[in-house]
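Next comes model01.cif, with mmCIF, C-alpha atoms.
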```cif
data_start
#
loop_
_atom_site.group_PDB
_atom_site.id
_atom_site.type_symbol
_atom_site.label_atom_id
_atom_site.label_comp_id
_atom_site.auth_asym_id
_atom_site.auth_seq_id
_atom_site.Cartn_x
_atom_site.Cartn_y
_atom_site.Cartn_z
ATOM 1 C CA MET A 1 15.021 -7.568 -10.637
ATOM 2 C CA GLY A 2 15.683 -10.817 -12.484
ATOM 3 C CA VAL A 3 13.541 -12.836 -14.873
ATOM 4 C CA CYS A 4 10.407 -14.831 -14.075
ATOM 5 C CA PRO A 5 11.041 -18.572 -14.706
ATOM 6 C CA SER A 6 8.986 -19.955 -17.582
ATOM 7 C CA ALA A 7 7.685 -22.766 -15.349
ATOM 8 C CA ILE A 8 6.067 -20.198 -13.057
ATOM 9 C CA MET A 9 4.953 -17.898 -15.879
ATOM 10 C CA SER A 10 2.833 -20.613 -17.448
ATOM 11 C CA LEU A 11 0.972 -21.215 -14.167
ATOM 12 C CA LEU A 12 0.258 -17.638 -13.118
ATOM 13 C CA ARG A 13 -3.439 -17.012 -12.634
ATOM 14 C CA ASP A 14 -5.369 -14.428 -10.722
ATOM 15 C CA ASN A 15 -8.752 -14.595 -9.025
ATOM 16 C CA PHE A 16 -9.843 -11.368 -10.682
ATOM 17 C CA THR A 17 -8.174 -11.432 -14.096
ATOM 18 C CA GLY A 18 -8.044 -15.123 -14.980
ATOM 19 C CA VAL A 19 -4.903 -16.081 -16.890
ATOM 20 C CA LEU A 20 -2.221 -13.423 -16.575
ATOM 21 C CA HIS A 21 0.175 -12.504 -19.380
ATOM 22 C CA PRO A 22 3.602 -12.151 -17.748
ATOM 23 C CA TRP A 23 5.356 -12.707 -21.077
ATOM 24 C CA ALA A 24 3.897 -9.372 -22.254
ATOM 25 C CA ARG A 25 6.516 -7.589 -20.133
ATOM 26 C CA PRO A 26 9.796 -9.458 -20.671
ATOM 27 C CA GLU A 27 11.866 -6.480 -19.514
ATOM 28 C CA VAL A 28 10.639 -6.728 -15.889
ATOM 29 C CA LEU A 29 10.135 -9.375 -13.235
ATOM 30 C CA THR A 30 6.488 -10.483 -13.361
ATOM 31 C CA CYS A 31 6.428 -13.137 -10.614
ATOM 32 C CA THR A 32 7.961 -13.906 -7.251
ATOM 33 C CA SER A 33 9.936 -16.993 -6.272
ATOM 34 C CA TRP A 34 6.865 -18.263 -4.366
ATOM 35 C CA GLY A 35 4.620 -17.940 -7.423
ATOM 36 C CA ALA A 36 2.773 -14.688 -6.716
ATOM 37 C CA PRO A 37 2.201 -12.353 -9.690
ATOM 38 C CA ILE A 38 3.842 -8.944 -9.877
ATOM 39 C CA ILE A 39 1.245 -6.800 -11.621
ATOM 40 C CA TRP A 40 2.509 -4.541 -14.398
ATOM 41 C CA ASP A 41 0.565 -2.728 -17.078
ATOM 42 C CA GLY A 42 -0.117 -5.175 -19.916
ATOM 43 C CA THR A 43 0.012 -8.332 -17.809
ATOM 44 C CA PHE A 44 -3.727 -8.353 -17.065
ATOM 45 C CA ASN A 45 -7.036 -7.645 -18.770
ATOM 46 C CA PRO A 46 -8.790 -4.779 -16.913
ATOM 47 C CA ASP A 47 -12.154 -5.555 -18.525
ATOM 48 C CA ILE A 48 -12.120 -9.108 -17.136
ATOM 49 C CA ALA A 49 -11.131 -7.763 -13.709
ATOM 50 C CA GLN A 50 -14.090 -5.358 -13.711
ATOM 51 C CA GLN A 51 -16.486 -8.077 -14.830
ATOM 52 C CA VAL A 52 -15.363 -10.628 -12.256
ATOM 53 C CA ALA A 53 -15.448 -8.114 -9.399
ATOM 54 C CA GLY A 54 -18.891 -6.928 -10.467
ATOM 55 C CA GLN A 55 -20.222 -10.474 -10.430
ATOM 56 C CA GLN A 56 -19.073 -10.883 -6.824
ATOM 57 C CA ASN A 57 -20.853 -7.689 -5.676
ATOM 58 C CA LEU A 58 -17.848 -6.635 -3.629
ATOM 59 C CA THR A 59 -17.413 -3.674 -1.333
ATOM 60 C CA ILE A 60 -13.870 -2.356 -1.204
ATOM 61 C CA GLY A 61 -12.616 -0.217 1.645
ATOM 62 C CA LEU A 62 -9.995 2.507 1.304
ATOM 63 C CA THR A 63 -8.457 3.868 4.504
ATOM 64 C CA VAL A 64 -6.421 7.031 4.826
ATOM 65 C CA PHE A 65 -5.058 9.007 7.773
ATOM 66 C CA ALA A 66 -5.305 12.803 7.501
ATOM 67 C CA VAL A 67 -3.867 14.240 10.694
ATOM 68 C CA GLY A 68 -2.569 17.735 11.366
ATOM 69 C CA ARG A 69 -1.665 19.758 8.275
ATOM 70 C CA TYR A 70 -1.894 16.662 6.073
ATOM 71 C CA LEU A 71 -5.679 17.108 6.132
ATOM 72 C CA GLU A 72 -5.768 20.565 4.529
ATOM 73 C CA LYS A 73 -2.899 19.979 2.148
ATOM 74 C CA TYR A 74 -3.647 16.532 0.711
ATOM 75 C CA LEU A 75 -7.001 15.004 1.598
ATOM 76 C CA ALA A 76 -9.295 16.771 -0.878
ATOM 77 C CA ARG A 77 -7.156 15.878 -3.893
ATOM 78 C CA PHE A 78 -6.692 12.310 -2.676
ATOM 79 C CA LEU A 79 -10.449 11.747 -2.392
ATOM 80 C CA GLU A 80 -11.361 13.614 -5.597
ATOM 81 C CA SER A 81 -8.813 11.638 -7.624
ATOM 82 C CA ALA A 82 -9.992 8.393 -5.978
ATOM 83 C CA GLU A 83 -13.497 9.123 -7.224
ATOM 84 C CA GLN A 84 -12.068 9.329 -10.748
ATOM 85 C CA HIS A 85 -9.758 6.313 -10.684
ATOM 86 C CA PHE A 86 -10.098 4.013 -7.629
ATOM 87 C CA MET A 87 -12.250 0.916 -8.217
ATOM 88 C CA VAL A 88 -14.535 2.732 -10.632
ATOM 89 C CA GLY A 89 -17.820 0.845 -11.006
ATOM 90 C CA GLN A 90 -17.397 -0.965 -7.682
ATOM 91 C CA HIS A 91 -18.927 -0.378 -4.258
ATOM 92 C CA VAL A 92 -16.418 1.628 -2.216
ATOM 93 C CA VAL A 93 -16.349 2.890 1.362
ATOM 94 C CA TYR A 94 -13.734 5.489 2.275
ATOM 95 C CA TYR A 95 -12.527 5.578 5.879
ATOM 96 C CA VAL A 96 -10.828 8.850 6.829
ATOM 97 C CA PHE A 97 -9.062 8.849 10.186
ATOM 98 C CA THR A 98 -8.494 12.339 11.565
ATOM 99 C CA GLU A 99 -8.477 14.292 14.809
ATOM 100 C CA ARG A 100 -10.704 16.961 13.171
ATOM 101 C CA PRO A 101 -13.756 15.305 11.594
ATOM 102 C CA ALA A 102 -15.489 18.652 10.995
ATOM 103 C CA ALA A 103 -12.620 19.760 8.712
ATOM 104 C CA VAL A 104 -12.922 16.838 6.292
ATOM 105 C CA PRO A 105 -13.820 18.327 2.880
ATOM 106 C CA GLN A 106 -17.132 17.609 1.193
ATOM 107 C CA VAL A 107 -16.450 15.497 -1.902
ATOM 108 C CA ALA A 108 -19.123 14.501 -4.415
ATOM 109 C CA LEU A 109 -19.364 10.705 -4.345
ATOM 110 C CA GLY A 110 -20.605 8.429 -7.085
ATOM 111 C CA ARG A 111 -23.344 5.865 -6.757
ATOM 112 C CA GLY A 112 -22.514 3.044 -4.344
ATOM 113 C CA ARG A 113 -19.672 4.986 -2.719
ATOM 114 C CA ARG A 114 -19.673 6.188 0.893
ATOM 115 C CA LEU A 115 -17.420 8.197 3.193
ATOM 116 C CA ARG A 116 -16.913 7.404 6.879
ATOM 117 C CA VAL A 117 -14.949 9.692 9.183
ATOM 118 C CA GLU A 118 -13.338 8.227 12.289
ATOM 119 C CA ARG A 119 -11.838 10.375 15.035
ATOM 120 C CA VAL A 120 -8.329 9.571 16.236
ATOM 121 C CA VAL A 121 -6.185 11.154 18.929
ATOM 122 C CA GLN A 122 -3.524 13.514 17.626
ATOM 123 C CA GLU A 123 -0.119 12.143 18.518
ATOM 124 C CA ARG A 124 2.726 14.340 19.705
ATOM 125 C CA ARG A 125 5.173 13.367 16.939
ATOM 126 C CA TRP A 126 4.624 12.439 13.282
ATOM 127 C CA GLN A 127 6.492 9.182 13.956
ATOM 128 C CA ASP A 128 3.858 8.300 16.549
ATOM 129 C CA VAL A 129 1.075 9.028 14.038
ATOM 130 C CA SER A 130 2.719 6.600 11.622
ATOM 131 C CA MET A 131 3.231 3.899 14.221
ATOM 132 C CA ALA A 132 -0.222 4.256 15.818
ATOM 133 C CA ARG A 133 -2.060 3.609 12.560
ATOM 134 C CA MET A 134 -1.498 -0.159 12.696
ATOM 135 C CA ARG A 135 -3.254 -0.323 16.054
ATOM 136 C CA THR A 136 -6.064 1.921 14.779
ATOM 137 C CA LEU A 137 -6.499 -0.097 11.584
ATOM 138 C CA HIS A 138 -6.594 -3.350 13.511
ATOM 139 C CA ALA A 139 -9.448 -2.043 15.662
ATOM 140 C CA ALA A 140 -11.342 -0.681 12.633
ATOM 141 C CA LEU A 141 -10.994 -3.965 10.747
ATOM 142 C CA GLY A 142 -12.490 -5.713 13.756
ATOM 143 C CA GLY A 143 -15.407 -3.267 13.749
ATOM 144 C CA ARG A 144 -17.623 -1.567 11.170
ATOM 145 C CA LEU A 145 -14.980 -1.459 8.431
ATOM 146 C CA GLY A 146 -14.495 -5.213 8.706
ATOM 147 C CA ARG A 147 -18.234 -5.780 8.468
ATOM 148 C CA GLU A 148 -18.741 -3.439 5.505
ATOM 149 C CA ALA A 149 -15.826 -4.362 3.234
ATOM 150 C CA HIS A 150 -14.635 -7.583 1.618
ATOM 151 C CA PHE A 151 -11.219 -6.177 0.656
ATOM 152 C CA VAL A 152 -9.425 -3.112 2.028
ATOM 153 C CA PHE A 153 -6.568 -0.926 0.824
ATOM 154 C CA CYS A 154 -4.609 1.223 3.279
ATOM 155 C CA MET A 155 -2.906 4.242 1.717
ATOM 156 C CA ASP A 156 -0.980 7.381 2.629
ATOM 157 C CA VAL A 157 -2.782 10.645 2.015
ATOM 158 C CA ASP A 158 0.094 12.591 0.424
ATOM 159 C CA GLN A 159 -0.451 11.145 -3.048
ATOM 160 C CA HIS A 160 -3.161 11.212 -5.704
ATOM 161 C CA PHE A 161 -4.568 8.814 -8.300
ATOM 162 C CA SER A 162 -3.623 9.459 -11.911
ATOM 163 C CA ASN A 163 -4.838 6.297 -13.707
ATOM 164 C CA ALA A 164 -7.163 3.358 -13.112
ATOM 165 C CA PHE A 165 -6.542 1.486 -9.868
ATOM 166 C CA GLY A 166 -8.992 -1.370 -10.297
ATOM 167 C CA PRO A 167 -9.898 -4.899 -9.177
ATOM 168 C CA GLU A 168 -6.760 -6.314 -10.801
ATOM 169 C CA THR A 169 -5.026 -5.196 -7.587
ATOM 170 C CA LEU A 170 -7.209 -7.317 -5.288
ATOM 171 C CA ALA A 171 -5.977 -10.460 -3.523
ATOM 172 C CA ASP A 172 -5.914 -11.991 -0.061
ATOM 173 C CA SER A 173 -2.755 -9.995 0.741
ATOM 174 C CA VAL A 174 -1.223 -7.286 -1.432
ATOM 175 C CA ALA A 175 2.173 -5.611 -1.119
ATOM 176 C CA GLN A 176 3.542 -2.623 -3.043
ATOM 177 C CA LEU A 177 7.097 -2.497 -4.443
ATOM 178 C CA HIS A 178 8.773 0.688 -3.233
ATOM 179 C CA ALA A 179 9.391 2.967 -6.214
ATOM 180 C CA TRP A 180 12.797 4.114 -4.968
ATOM 181 C CA HIS A 181 14.112 0.662 -4.097
ATOM 182 C CA TYR A 182 12.796 -1.905 -6.584
ATOM 183 C CA ARG A 183 16.045 -1.875 -8.590
ATOM 184 C CA TRP A 184 18.326 -2.132 -5.573
ATOM 185 C CA PRO A 185 20.167 -5.347 -4.594
ATOM 186 C CA ARG A 186 18.719 -7.085 -1.543
ATOM 187 C CA TRP A 187 21.715 -6.456 0.691
ATOM 188 C CA PHE A 188 21.318 -2.670 0.142
ATOM 189 C CA LEU A 189 17.599 -2.450 0.951
ATOM 190 C CA PRO A 190 16.722 -0.289 3.997
ATOM 191 C CA TYR A 191 15.405 -3.037 6.273
ATOM 192 C CA GLU A 192 15.690 -2.684 10.024
ATOM 193 C CA ARG A 193 19.089 -4.165 10.990
ATOM 194 C CA ASP A 194 19.092 -3.713 14.780
ATOM 195 C CA VAL A 195 18.727 -7.305 15.957
ATOM 196 C CA ARG A 196 17.005 -6.121 19.135
ATOM 197 C CA SER A 197 14.026 -4.858 17.110
ATOM 198 C CA ALA A 198 11.019 -7.039 16.298
ATOM 199 C CA ALA A 199 11.285 -5.671 12.738
ATOM 200 C CA ALA A 200 14.890 -6.799 12.207
ATOM 201 C CA LEU A 201 15.923 -8.726 9.089
ATOM 202 C CA SER A 202 19.399 -10.165 8.619
ATOM 203 C CA ARG A 203 21.523 -9.598 5.512
ATOM 204 C CA SER A 204 20.375 -12.955 4.146
ATOM 205 C CA GLU A 205 16.656 -12.238 4.655
ATOM 206 C CA GLY A 206 14.097 -10.249 2.675
ATOM 207 C CA ASP A 207 12.599 -10.581 -0.788
ATOM 208 C CA PHE A 208 11.726 -7.048 -1.926
ATOM 209 C CA TYR A 209 11.361 -3.749 -0.109
ATOM 210 C CA TYR A 210 7.671 -2.927 0.264
ATOM 211 C CA HIS A 211 6.159 0.534 0.638
ATOM 212 C CA ALA A 212 3.755 1.157 3.527
ATOM 213 C CA ALA A 213 2.034 3.876 1.451
ATOM 214 C CA VAL A 214 -0.038 1.093 -0.174
ATOM 215 C CA PHE A 215 -0.953 -2.305 1.208
ATOM 216 C CA GLY A 216 -4.162 -4.275 1.171
ATOM 217 C CA GLY A 217 -6.018 -7.542 1.156
ATOM 218 C CA SER A 218 -8.946 -9.332 2.704
ATOM 219 C CA VAL A 219 -10.189 -8.221 6.102
ATOM 220 C CA ALA A 220 -8.867 -11.383 7.765
ATOM 221 C CA ALA A 221 -5.412 -11.056 6.196
ATOM 222 C CA LEU A 222 -5.132 -7.387 7.147
ATOM 223 C CA ARG A 223 -6.168 -8.181 10.698
ATOM 224 C CA ARG A 224 -3.202 -10.565 10.873
ATOM 225 C CA LEU A 225 -0.841 -7.994 9.366
ATOM 226 C CA THR A 226 -1.919 -5.136 11.630
ATOM 227 C CA ALA A 227 -1.836 -7.383 14.708
ATOM 228 C CA HIS A 228 1.733 -8.462 13.885
ATOM 229 C CA CYS A 229 2.900 -4.885 13.339
ATOM 230 C CA THR A 230 1.143 -3.624 16.475
ATOM 231 C CA ARG A 231 2.799 -6.311 18.620
ATOM 232 C CA GLY A 232 6.196 -5.546 17.118
ATOM 233 C CA LEU A 233 5.828 -1.804 17.635
ATOM 234 C CA GLN A 234 4.723 -2.307 21.231
ATOM 235 C CA ARG A 235 7.602 -4.674 21.929
ATOM 236 C CA ASP A 236 10.115 -2.227 20.500
ATOM 237 C CA ARG A 237 8.649 0.641 22.497
ATOM 238 C CA ALA A 238 8.911 -1.367 25.711
ATOM 239 C CA LEU A 239 12.627 -1.790 24.951
ATOM 240 C CA GLY A 240 13.078 1.883 24.079
ATOM 241 C CA LEU A 241 13.551 1.083 20.387
ATOM 242 C CA GLU A 242 12.164 2.646 17.224
ATOM 243 C CA ALA A 243 12.634 0.846 13.907
ATOM 244 C CA ARG A 244 14.392 2.737 11.129
ATOM 245 C CA TRP A 245 11.241 3.218 9.046
ATOM 246 C CA HIS A 246 8.700 2.788 11.837
ATOM 247 C CA ASP A 247 5.592 0.810 10.818
ATOM 248 C CA GLU A 248 7.022 0.229 7.333
ATOM 249 C CA SER A 249 9.906 -1.728 8.850
ATOM 250 C CA HIS A 250 7.459 -3.976 10.679
ATOM 251 C CA LEU A 251 5.347 -4.386 7.535
ATOM 252 C CA ASN A 252 8.430 -5.598 5.668
ATOM 253 C CA LYS A 253 9.150 -8.108 8.423
ATOM 254 C CA PHE A 254 5.575 -9.405 8.187
ATOM 255 C CA PHE A 255 5.758 -9.865 4.415
ATOM 256 C CA TRP A 256 9.064 -11.710 4.761
ATOM 257 C CA LEU A 257 7.442 -14.146 7.188
ATOM 258 C CA HIS A 258 4.053 -14.267 5.403
ATOM 259 C CA LYS A 259 4.504 -13.839 1.658
ATOM 260 C CA PRO A 260 1.970 -11.609 -0.108
ATOM 261 C CA ALA A 261 -0.401 -13.255 -2.583
ATOM 262 C CA LYS A 262 0.076 -10.397 -5.039
ATOM 263 C CA VAL A 263 2.740 -7.733 -5.515
ATOM 264 C CA LEU A 264 2.032 -4.427 -7.237
ATOM 265 C CA SER A 265 4.724 -3.001 -9.489
ATOM 266 C CA PRO A 266 6.016 0.544 -8.908
ATOM 267 C CA GLU A 267 3.507 1.696 -11.550
ATOM 268 C CA PHE A 268 0.851 1.507 -8.841
ATOM 269 C CA CYS A 269 2.640 3.984 -6.537
ATOM 270 C CA TRP A 270 5.196 6.131 -8.341
ATOM 271 C CA SER A 271 7.307 9.137 -7.395
ATOM 272 C CA PRO A 272 7.666 11.754 -10.185
ATOM 273 C CA GLU A 273 10.935 12.824 -8.547
ATOM 274 C CA ILE A 274 12.524 9.599 -9.831
ATOM 275 C CA GLY A 275 11.977 10.790 -13.383
ATOM 276 C CA TRP A 276 11.255 8.760 -16.484
ATOM 277 C CA ARG A 277 11.747 4.993 -16.418
ATOM 278 C CA PRO A 278 11.024 2.965 -19.582
ATOM 279 C CA GLU A 279 9.360 0.126 -17.631
ATOM 280 C CA VAL A 280 6.857 2.447 -15.916
ATOM 281 C CA HIS A 281 4.074 2.806 -18.500
ATOM 282 C CA ARG A 282 1.010 4.040 -16.582
ATOM 283 C CA PRO A 283 1.536 5.329 -13.052
ATOM 284 C CA ARG A 284 -1.638 4.779 -11.022
ATOM 285 C CA LEU A 285 -0.747 6.737 -7.889
ATOM 286 C CA LEU A 286 1.658 9.674 -7.819
ATOM 287 C CA TRP A 287 3.463 10.881 -4.731
ATOM 288 C CA ALA A 288 3.042 14.514 -3.820
ATOM 289 C CA PRO A 289 6.236 16.523 -3.296
ATOM 290 C CA LYS A 290 7.503 15.888 0.225
ATOM 291 C CA GLU A 291 7.155 19.146 2.192
ATOM 292 C CA TYR A 292 8.036 17.813 5.608
ATOM 293 C CA ALA A 293 9.054 21.205 7.005
ATOM 294 C CA LEU A 294 5.514 22.440 6.319
ATOM 295 C CA VAL A 295 3.409 19.463 7.436
ATOM 296 C CA ARG A 296 5.471 17.878 10.216
ATOM 297 C CA ASP A 297 6.499 20.786 12.414
#
```
Can you dump the structure from the file as structure tokens?
Amino acid sequence: MGVCPSAIMSLLRDNFTGVLHPWARPEVLTCTSWGAPIIWDGTFNPDIAQQVAGQQNLTIGLTVFAVGRYLEKYLARFLESAEQHFMVGQHVVYYVFTERPAAVPQVALGRGRRLRVERVVQERRWQDVSMARMRTLHAALGGRLGREAHFVFCMDVDQHFSNAFGPETLADSVAQLHAWHYRWPRWFLPYERDVRSAAALSRSEGDFYYHAAVFGGSVAALRRLTAHCTRGLQRDRALGLEARWHDESHLNKFFWLHKPAKVLSPEFCWSPEIGWRPEVHRPRLLWAPKEYALVRD
């Protein structure tokens, strides 16, 4: 991943953690070429992050889509683990998008935490569920969600929290390094390469490969992101195209054009199937085993 230049390291600050400590993790890249921090365990003070966020009296939204068999298999554990680890001590509103609101499990919520359930139309294919979420999120951010929350995270449901996921992750726009690809050379990353697609990146383009299982930011920034992805998906569909990794391909194109203000290390969304890595100290989110034959048929 390279080494963060000392000139950038000395200037790294964060709105929620004050001065960062990138030199605490010399074995990993702790900044981007445009000066955004890459957040690893040990590079921030979680107590300061909690204090600063508390002083601002923030409400943080967390959206998740639980459609088809994903609802029964993953949603309860996702929400229960979020109550233990996601933005503990902060005001939180969960937004669950599902075609079966009555089937959403009852989860005991802490003080200052609410659950909203929004009905969506069940799509014919799982790919269409994935691609439709950008349009759905854009509408929600322009409605009640956008009025209730100051910052929002959008996450996949087939994972669960395992450690603190706190205000140190907040910024105007937040991207997540893909756990399977953060060590890969740029030319080998799985960007969309069909030049006809709105998501296409050339061999000389791209910074990192970002995972669509976690992205976030301010309401305004996410409105821009979801609008961009929705336009790109609609343009591709009109041409009979489908990007290699669907909405994730379009998200990567957006973050190439509009650099994220903060990047989360793979510790914040980790796959146990990768196995042990010395640089991954405290995984915050863990992928569930992928059982596509069960949940996607």
Given the file shown, enumerate the residues that the PyMOL selection byres ((chain A and resi 51) around 12) captures and present them as an MDAnalysis selection string.
-> chainID A and resid 15:18 45:50 52:58 87:90 166:168
Could you jot down the CA of Trp270 in chain A to CA of Ala82 in chain A separation for me, Å, one decimal place?
-> 15.5 Å
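Considering the residues A:Trp40, A:Phe65, A:Trp34, A:Tyr74 and counting only C-alpha atoms, Leu177 in chain A has its shortest atom-to-atom contact with A:Trp40.
Between CA of Lys73 in chain A and CA of Arg100 in chain A the separation is 13.8 Å.
Selection result for the displayed file, with the PyMOL selection byres ((chain A and resi 211) around 7) as criterion, is Gln176, Leu177, His178, Tyr209, Tyr210, Ala212, Ala213, Val214 and Glu248 of chain A.
With only C-alpha atoms as the atoms that count, the minimum distance from Leu285 in chain A to the choices A:Ala139, A:Ala171, A:Ala164, A:Leu239 is reached by A:Ala164.
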Between CA of Cys229 in chain A and CA of Gly206 in chain A, measure the distance and give it in Å to one decimal.
-> 16.4 Å
For the file shown, report as a ChimeraX atom specification the outcome of the PyMOL selection byres ((chain A and resi 151) around 12) at residue level.
-> /A:53,56-63,87,90-93,141,145-150,152-154,167,169-174,215-223
Which residue out of A:Leu189, A:Val157, A:Ala102, A:Leu109 has the minimum interatomic distance to Gln84 in chain A when only C-alpha atoms are used?
-> A:Leu109
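Using only C-alpha atoms, every residue with an atom at most 12 Å from the point (-16.3, 14.4, 11.9) is listed here: Ala66, Tyr95, Val96, Phe97, Thr98, Glu99, Arg100, Pro101, Ala102, Ala103, Val104, Pro105, Gln106, Leu115, Arg116, Val117, Glu118, Arg119 and Val120 of chain A.
The residue that comes closest to Ala36 in chain A, out of A:Trp245, A:Val263, A:Arg282, A:Leu75 and on the basis of only C-alpha atoms, is A:Val263.
In terms of minimum interatomic distance to Gly275 in chain A, A:Ala179 ranks closest within A:Ala132, A:Met155, A:Val28, A:Ala179, counting all atoms listed in the file.
Closest approach to Leu264 in chain A among A:Cys4, A:Ala175, A:Leu29, A:Val64: A:Ala175, based on all atoms listed in the file.
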Could the residues of range 235-293 of chain A that have an atom at most 12 Å from range 195-204 of chain A be listed as JSON lines, each with its closest atom pair and the distance in Å to one decimal, counting all atoms listed in the file and ordered by chain and ascending residue number?
```
{"residue": "A:Arg235", "atom": "CA", "partner": "A:Ala198", "partner_atom": "CA", "distance": 7.0}
{"residue": "A:Asp236", "atom": "CA", "partner": "A:Ser197", "partner_atom": "CA", "distance": 5.8}
{"residue": "A:Arg237", "atom": "CA", "partner": "A:Ser197", "partner_atom": "CA", "distance": 9.4}
{"residue": "A:Ala238", "atom": "CA", "partner": "A:Ser197", "partner_atom": "CA", "distance": 10.6}
{"residue": "A:Leu239", "atom": "CA", "partner": "A:Arg196", "partner_atom": "CA", "distance": 8.5}
{"residue": "A:Gly240", "atom": "CA", "partner": "A:Ser197", "partner_atom": "CA", "distance": 9.7}
{"residue": "A:Leu241", "atom": "CA", "partner": "A:Ser197", "partner_atom": "CA", "distance": 6.8}
{"residue": "A:Glu242", "atom": "CA", "partner": "A:Ser197", "partner_atom": "CA", "distance": 7.7}
{"residue": "A:Ala243", "atom": "CA", "partner": "A:Ser197", "partner_atom": "CA", "distance": 6.7}
{"residue": "A:Arg244", "atom": "CA", "partner": "A:Ala199", "partner_atom": "CA", "distance": 9.1}
{"residue": "A:Trp245", "atom": "CA", "partner": "A:Ala199", "partner_atom": "CA", "distance": 9.6}
{"residue": "A:His246", "atom": "CA", "partner": "A:Ala199", "partner_atom": "CA", "distance": 8.9}
{"residue": "A:Asp247", "atom": "CA", "partner": "A:Ala199", "partner_atom": "CA", "distance": 8.8}
{"residue": "A:Glu248", "atom": "CA", "partner": "A:Ala199", "partner_atom": "CA", "distance": 9.1}
{"residue": "A:Ser249", "atom": "CA", "partner": "A:Ala199", "partner_atom": "CA", "distance": 5.7}
{"residue": "A:His250", "atom": "CA", "partner": "A:Ala199", "partner_atom": "CA", "distance": 4.7}
{"residue": "A:Leu251", "atom": "CA", "partner": "A:Ala199", "partner_atom": "CA", "distance": 8.0}
{"residue": "A:Asn252", "atom": "CA", "partner": "A:Ala199", "partner_atom": "CA", "distance": 7.6}
{"residue": "A:Lys253", "atom": "CA", "partner": "A:Ala199", "partner_atom": "CA", "distance": 5.4}
{"residue": "A:Phe254", "atom": "CA", "partner": "A:Ala199", "partner_atom": "CA", "distance": 8.2}
{"residue": "A:Phe255", "atom": "CA", "partner": "A:Ala199", "partner_atom": "CA", "distance": 10.8}
{"residue": "A:Trp256", "atom": "CA", "partner": "A:Leu201", "partner_atom": "CA", "distance": 8.6}
{"residue": "A:Leu257", "atom": "CA", "partner": "A:Leu201", "partner_atom": "CA", "distance": 10.2}
```
Edge lengths and centre, in Å to one decimal, as lines of an AutoDock Vina configuration file: that's what I need for the box along x, y and z that holds all listed atoms of range 144-153 of chain A plus 8 Å on each side.
```
center_x = -12.7
center_y = -4.3
center_z = 5.9
size_x = 28.2
size_y = 22.7
size_z = 26.5
```
